[in-house]
Amino acid sequence: MAAHTLRGLCRPRLGLLAARFSQRAAAGTEYRSAYSLDKLYPPRQDGAAAASAPETQPAALDIPLARLTVSYCRSSGPGGQHVNKVNTKAEVRFHLASADWIPEAVRQKMASMHRNKINRAGELIVNSEESRYQMRNLAICLEKIRTMVTEATEKPKAVSKETSQKLIERVEKMNRERLRQKKIHSHIKESRKADFD
């Protein structure tokens, strides 16, 4: 009798869930993870929509996924048996010299800034094993590439004459103080020596 009443209580909820899923399917809004590629990289906007966007936000770098070589391998670190079974570490590489989606000057600066991440074939290699999920690690790799490009795009700040003069004076003062402390220390050591004459 108790099992029969429990079944009766569960049936309306299952019907409610089925109705909710059928509404989503009819509306075309099925569940997508926050790390799915269409959410990480929304489709390109046309020129009119881009022109109406506010100028205050920097334009996000559009990385063509077709030009990247993505591979997955076993991750290291904690995670128990899961680490030994699943390929979660993401490795993204692309040929830096032929990456025409990055301006030439930025490519040259990236090559000098990140020369330890470029192999002999001229490929820039970025990897991530921070997460336990492939898609998150891929998203982290792509974000690292974006960060590298923005760092290479930034121009160094121009230092004014007054600021450079203050820095020079500060360094000279520190050197004078260091030498003064050395002399004091040497006098102390000298005074500890015993005269045997």
# chains A, B, ... in the order shown; residues from 1 in each chain; ligands from 1
call {"tool": "residues_around", "arguments": {"residues": "Val106 (chain A)", "least_positions_apart": "3", "cutoff": "9 Å", "atoms": "only C-alpha atoms", "output": "list in words"}}
result
Ile102, Pro103, Lys109, Met110, Ala111, Val149, Thr150, Ala152 and Thr153 of chain A
call {"tool": "residues_around", "arguments": {"residues": "Gly79 (chain A)", "least_positions_apart": "6", "cutoff": "12 Å", "atoms": "only C-alpha atoms", "output": "list in words"}}
result
Lys85, Val86, Thr88, Glu129, Glu130, Ser131, Arg132 and Tyr133 of chain A
call {"tool": "write_last_selection", "arguments": {"atoms": "all heavy atoms", "output": "short mmCIF file (atom, residue, chain, number, x, y, z; two decimals), in the first residue's frame"}}
result
data_model
loop_
_atom_site.label_atom_id
_atom_site.label_comp_id
_atom_site.auth_asym_id
_atom_site.auth_seq_id
_atom_site.Cartn_x
_atom_site.Cartn_y
_atom_site.Cartn_z
N LYS A 85 43.02 7.44 -15.99
CA LYS A 85 42.13 6.87 -17.00
C LYS A 85 41.72 7.85 -18.09
O LYS A 85 41.39 7.43 -19.19
CB LYS A 85 40.84 6.36 -16.33
CG LYS A 85 41.05 5.20 -15.38
CD LYS A 85 39.75 4.58 -14.99
CE LYS A 85 38.80 5.56 -14.37
NZ LYS A 85 37.54 4.94 -13.93
N VAL A 86 41.70 9.13 -17.79
CA VAL A 86 41.07 10.10 -18.69
C VAL A 86 42.11 11.10 -19.22
O VAL A 86 42.96 11.57 -18.48
CB VAL A 86 39.94 10.86 -17.96
CG1 VAL A 86 39.23 11.80 -18.90
CG2 VAL A 86 38.96 9.89 -17.35
N THR A 88 42.74 14.49 -19.89
CA THR A 88 42.14 15.81 -19.61
C THR A 88 43.08 16.97 -19.88
O THR A 88 42.63 18.09 -20.05
CB THR A 88 41.70 15.88 -18.13
OG1 THR A 88 42.82 15.57 -17.30
CG2 THR A 88 40.57 14.92 -17.86
N GLU A 129 46.51 21.93 -17.43
CA GLU A 129 46.01 20.77 -16.72
C GLU A 129 45.42 21.19 -15.38
O GLU A 129 45.43 20.43 -14.42
CB GLU A 129 47.11 19.73 -16.55
CG GLU A 129 48.38 20.25 -15.93
CD GLU A 129 49.48 19.21 -15.86
OE1 GLU A 129 49.17 18.01 -15.85
OE2 GLU A 129 50.65 19.60 -15.80
N GLU A 130 44.90 22.42 -15.33
CA GLU A 130 44.35 22.96 -14.09
C GLU A 130 43.04 22.29 -13.69
O GLU A 130 42.76 22.11 -12.52
CB GLU A 130 44.12 24.47 -14.23
CG GLU A 130 45.40 25.25 -14.43
CD GLU A 130 45.14 26.72 -14.70
OE1 GLU A 130 44.04 27.20 -14.37
OE2 GLU A 130 46.04 27.38 -15.24
N SER A 131 42.24 21.94 -14.68
CA SER A 131 40.91 21.41 -14.41
C SER A 131 40.89 19.91 -14.67
O SER A 131 41.80 19.35 -15.27
CB SER A 131 39.88 22.11 -15.30
OG SER A 131 38.61 21.53 -15.11
N ARG A 132 39.79 19.27 -14.23
CA ARG A 132 39.60 17.85 -14.48
C ARG A 132 38.79 17.61 -15.75
O ARG A 132 38.47 16.48 -16.08
CB ARG A 132 38.88 17.20 -13.30
CG ARG A 132 39.68 17.21 -12.03
CD ARG A 132 38.95 16.57 -10.90
NE ARG A 132 38.67 15.17 -11.17
CZ ARG A 132 38.11 14.34 -10.31
NH1 ARG A 132 37.77 14.78 -9.12
NH2 ARG A 132 37.89 13.09 -10.62
N TYR A 133 38.44 18.68 -16.46
CA TYR A 133 37.59 18.57 -17.64
C TYR A 133 38.34 19.07 -18.87
O TYR A 133 39.00 20.11 -18.82
CB TYR A 133 36.30 19.36 -17.44
CG TYR A 133 35.54 18.93 -16.23
CD1 TYR A 133 35.59 19.67 -15.06
CD2 TYR A 133 34.79 17.78 -16.25
CE1 TYR A 133 34.90 19.27 -13.94
CE2 TYR A 133 34.09 17.37 -15.12
CZ TYR A 133 34.15 18.11 -13.98
OH TYR A 133 33.47 17.70 -12.87
#
call {"tool": "select_by_dssp", "arguments": {"residues": "region 119-167 of chain A", "states": "helix (DSSP H, G or I)", "output": "list in words"}}
result
Gln134, Met135, Arg136, Asn137, Leu138, Ala139, Ile140, Cys141, Leu142, Glu143, Lys144, Ile145, Arg146, Thr147, Met148, Val149, Thr150, Glu151, Ala152, Thr153, Lys161, Glu162, Thr163, Ser164, Gln165, Lys166 and Leu167 of chain A
call {"tool": "write_last_selection", "arguments": {"atoms": "C-alpha atoms", "output": "CSV table (one decimal), in the first residue's frame"}}
result
chain,number,residue,atom,x,y,z
A,134,GLN,CA,38.9,18.7,-21.2
A,135,MET,CA,36.7,21.6,-22.3
A,136,ARG,CA,37.8,23.8,-19.3
A,137,ASN,CA,41.4,23.1,-20.0
A,138,LEU,CA,40.9,24.0,-23.7
A,139,ALA,CA,39.2,27.2,-22.6
A,140,ILE,CA,42.1,28.0,-20.3
A,141,CYS,CA,44.6,27.4,-23.1
A,142,LEU,CA,42.7,29.7,-25.4
A,143,GLU,CA,42.5,32.3,-22.7
A,144,LYS,CA,46.3,32.0,-22.2
A,145,ILE,CA,46.8,32.7,-25.9
A,146,ARG,CA,44.5,35.8,-25.7
A,147,THR,CA,46.5,37.0,-22.7
A,148,MET,CA,49.8,36.5,-24.6
A,149,VAL,CA,48.5,38.5,-27.5
A,150,THR,CA,47.2,41.4,-25.4
A,151,GLU,CA,50.5,41.5,-23.4
A,152,ALA,CA,52.4,41.7,-26.7
A,153,THR,CA,50.0,44.4,-28.0
A,161,LYS,CA,62.0,63.0,-17.0
A,162,GLU,CA,61.1,63.8,-13.4
A,163,THR,CA,60.2,60.2,-12.6
A,164,SER,CA,63.4,58.9,-14.1
A,165,GLN,CA,65.5,61.5,-12.2
A,166,LYS,CA,63.8,60.5,-9.0
A,167,LEU,CA,64.5,56.8,-9.7
call {"tool": "closest_residue", "arguments": {"among": "A:Ser75, A:Ser191, A:Gln108, A:Ser128", "to": "Val92 (chain A)", "atoms": "only C-alpha atoms"}}
result
A:Ser128
call {"tool": "closest_residue", "arguments": {"among": "A:Arg192, A:Arg170, A:Leu124, A:Trp101", "to": "Asp62 (chain A)", "atoms": "only C-alpha atoms"}}
result
A:Trp101
call {"tool": "atom_distance", "arguments": {"atom1": "CA of Lys89 (chain A)", "atom2": "CA of Arg107 (chain A)"}}
result
25.8 Å
call {"tool": "atom_distance", "arguments": {"atom1": "CA of Gly122 (chain A)", "atom2": "CA of Ser76 (chain A)"}}
result
26.1 Å
call {"tool": "closest_residue", "arguments": {"among": "A:Val159, A:Ala99, A:Ile188, A:Ile118", "to": "Ala66 (chain A)", "atoms": "only C-alpha atoms"}}
result
A:Ala99
call {"tool": "decode", "arguments": {"residues": "region 148-161 of chain A", "atoms": "all heavy atoms", "output": "tab-separated table (two decimals), in the first residue's frame"}}
result
chain	number	residue	atom	x	y	z
A	148	MET	N	48.49	36.30	-23.96
A	148	MET	CA	49.80	36.51	-24.59
A	148	MET	C	49.71	37.59	-25.67
A	148	MET	O	50.59	38.46	-25.77
A	148	MET	CB	50.29	35.21	-25.23
A	148	MET	CG	50.76	34.18	-24.27
A	148	MET	SD	51.24	32.72	-25.22
A	148	MET	CE	51.61	31.59	-23.90
A	149	VAL	N	48.66	37.52	-26.47
A	149	VAL	CA	48.51	38.50	-27.55
A	149	VAL	C	48.28	39.89	-26.98
A	149	VAL	O	48.87	40.87	-27.46
A	149	VAL	CB	47.36	38.08	-28.49
A	149	VAL	CG1	47.06	39.17	-29.51
A	149	VAL	CG2	47.71	36.79	-29.21
A	150	THR	N	47.44	40.02	-25.95
A	150	THR	CA	47.19	41.35	-25.38
A	150	THR	C	48.44	41.91	-24.70
A	150	THR	O	48.69	43.11	-24.77
A	150	THR	CB	46.02	41.33	-24.38
A	150	THR	OG1	46.26	40.32	-23.40
A	150	THR	CG2	44.72	41.07	-25.07
A	151	GLU	N	49.23	41.04	-24.06
A	151	GLU	CA	50.48	41.52	-23.45
A	151	GLU	C	51.45	42.01	-24.51
A	151	GLU	O	52.16	43.00	-24.30
A	151	GLU	CB	51.14	40.39	-22.64
A	151	GLU	CG	50.49	40.13	-21.31
A	151	GLU	CD	51.10	38.95	-20.60
A	151	GLU	OE1	52.01	38.29	-21.16
A	151	GLU	OE2	50.68	38.66	-19.47
A	152	ALA	N	51.49	41.31	-25.64
A	152	ALA	CA	52.40	41.74	-26.72
A	152	ALA	C	51.89	42.99	-27.41
A	152	ALA	O	52.68	43.73	-28.00
A	152	ALA	CB	52.56	40.60	-27.73
A	153	THR	N	50.58	43.25	-27.35
A	153	THR	CA	50.01	44.42	-28.01
A	153	THR	C	50.22	45.69	-27.18
A	153	THR	O	50.31	46.78	-27.75
A	153	THR	CB	48.49	44.24	-28.22
A	153	THR	OG1	48.22	42.88	-28.46
A	153	THR	CG2	48.00	45.01	-29.41
A	154	GLU	N	50.28	45.54	-25.86
A	154	GLU	CA	50.40	46.71	-24.98
A	154	GLU	C	51.73	47.41	-25.21
A	154	GLU	O	52.77	46.78	-25.31
A	154	GLU	CB	50.28	46.29	-23.52
A	154	GLU	CG	48.90	45.84	-23.13
A	154	GLU	CD	48.84	45.30	-21.71
A	154	GLU	OE1	49.91	45.22	-21.07
A	154	GLU	OE2	47.76	44.94	-21.28
A	155	LYS	N	51.66	48.72	-25.27
A	155	LYS	CA	52.87	49.51	-25.43
A	155	LYS	C	53.37	49.93	-24.06
A	155	LYS	O	52.58	50.24	-23.17
A	155	LYS	CB	52.59	50.74	-26.30
A	155	LYS	CG	52.23	50.36	-27.71
A	155	LYS	CD	51.91	51.56	-28.54
A	155	LYS	CE	51.57	51.11	-29.95
A	155	LYS	NZ	50.99	52.17	-30.75
A	156	PRO	N	54.70	49.96	-23.86
A	156	PRO	CA	55.22	50.36	-22.55
A	156	PRO	C	54.90	51.82	-22.26
A	156	PRO	O	54.86	52.66	-23.16
A	156	PRO	CB	56.73	50.13	-22.67
A	156	PRO	CG	57.00	50.13	-24.13
A	156	PRO	CD	55.76	49.63	-24.79
A	157	LYS	N	54.69	52.10	-20.99
A	157	LYS	CA	54.38	53.47	-20.59
A	157	LYS	C	55.62	54.34	-20.71
A	157	LYS	O	56.73	53.93	-20.36
A	157	LYS	CB	53.88	53.50	-19.15
A	157	LYS	CG	52.55	52.81	-18.95
A	157	LYS	CD	52.12	52.88	-17.50
A	157	LYS	CE	50.80	52.18	-17.29
A	157	LYS	NZ	50.40	52.18	-15.87
A	158	ALA	N	55.43	55.55	-21.18
A	158	ALA	CA	56.54	56.50	-21.30
A	158	ALA	C	56.84	57.09	-19.93
A	158	ALA	O	55.95	57.60	-19.25
A	158	ALA	CB	56.18	57.60	-22.29
A	159	VAL	N	58.10	57.00	-19.53
A	159	VAL	CA	58.51	57.51	-18.22
A	159	VAL	C	58.93	58.97	-18.39
A	159	VAL	O	59.74	59.29	-19.27
A	159	VAL	CB	59.68	56.67	-17.65
A	159	VAL	CG1	60.08	57.18	-16.28
A	159	VAL	CG2	59.30	55.21	-17.58
A	160	SER	N	58.39	59.82	-17.54
A	160	SER	CA	58.73	61.25	-17.64
A	160	SER	C	60.13	61.50	-17.10
A	160	SER	O	60.72	60.67	-16.41
A	160	SER	CB	57.71	62.08	-16.86
A	160	SER	OG	57.81	61.79	-15.48
A	161	LYS	N	60.67	62.68	-17.42
A	161	LYS	CA	62.02	63.03	-16.98
A	161	LYS	C	62.12	63.11	-15.46
A	161	LYS	O	63.09	62.67	-14.86
A	161	LYS	CB	62.42	64.38	-17.59
A	161	LYS	CG	63.42	64.28	-18.67
A	161	LYS	CD	63.85	65.67	-19.11
A	161	LYS	CE	64.89	65.55	-20.20
A	161	LYS	NZ	65.28	66.85	-20.70
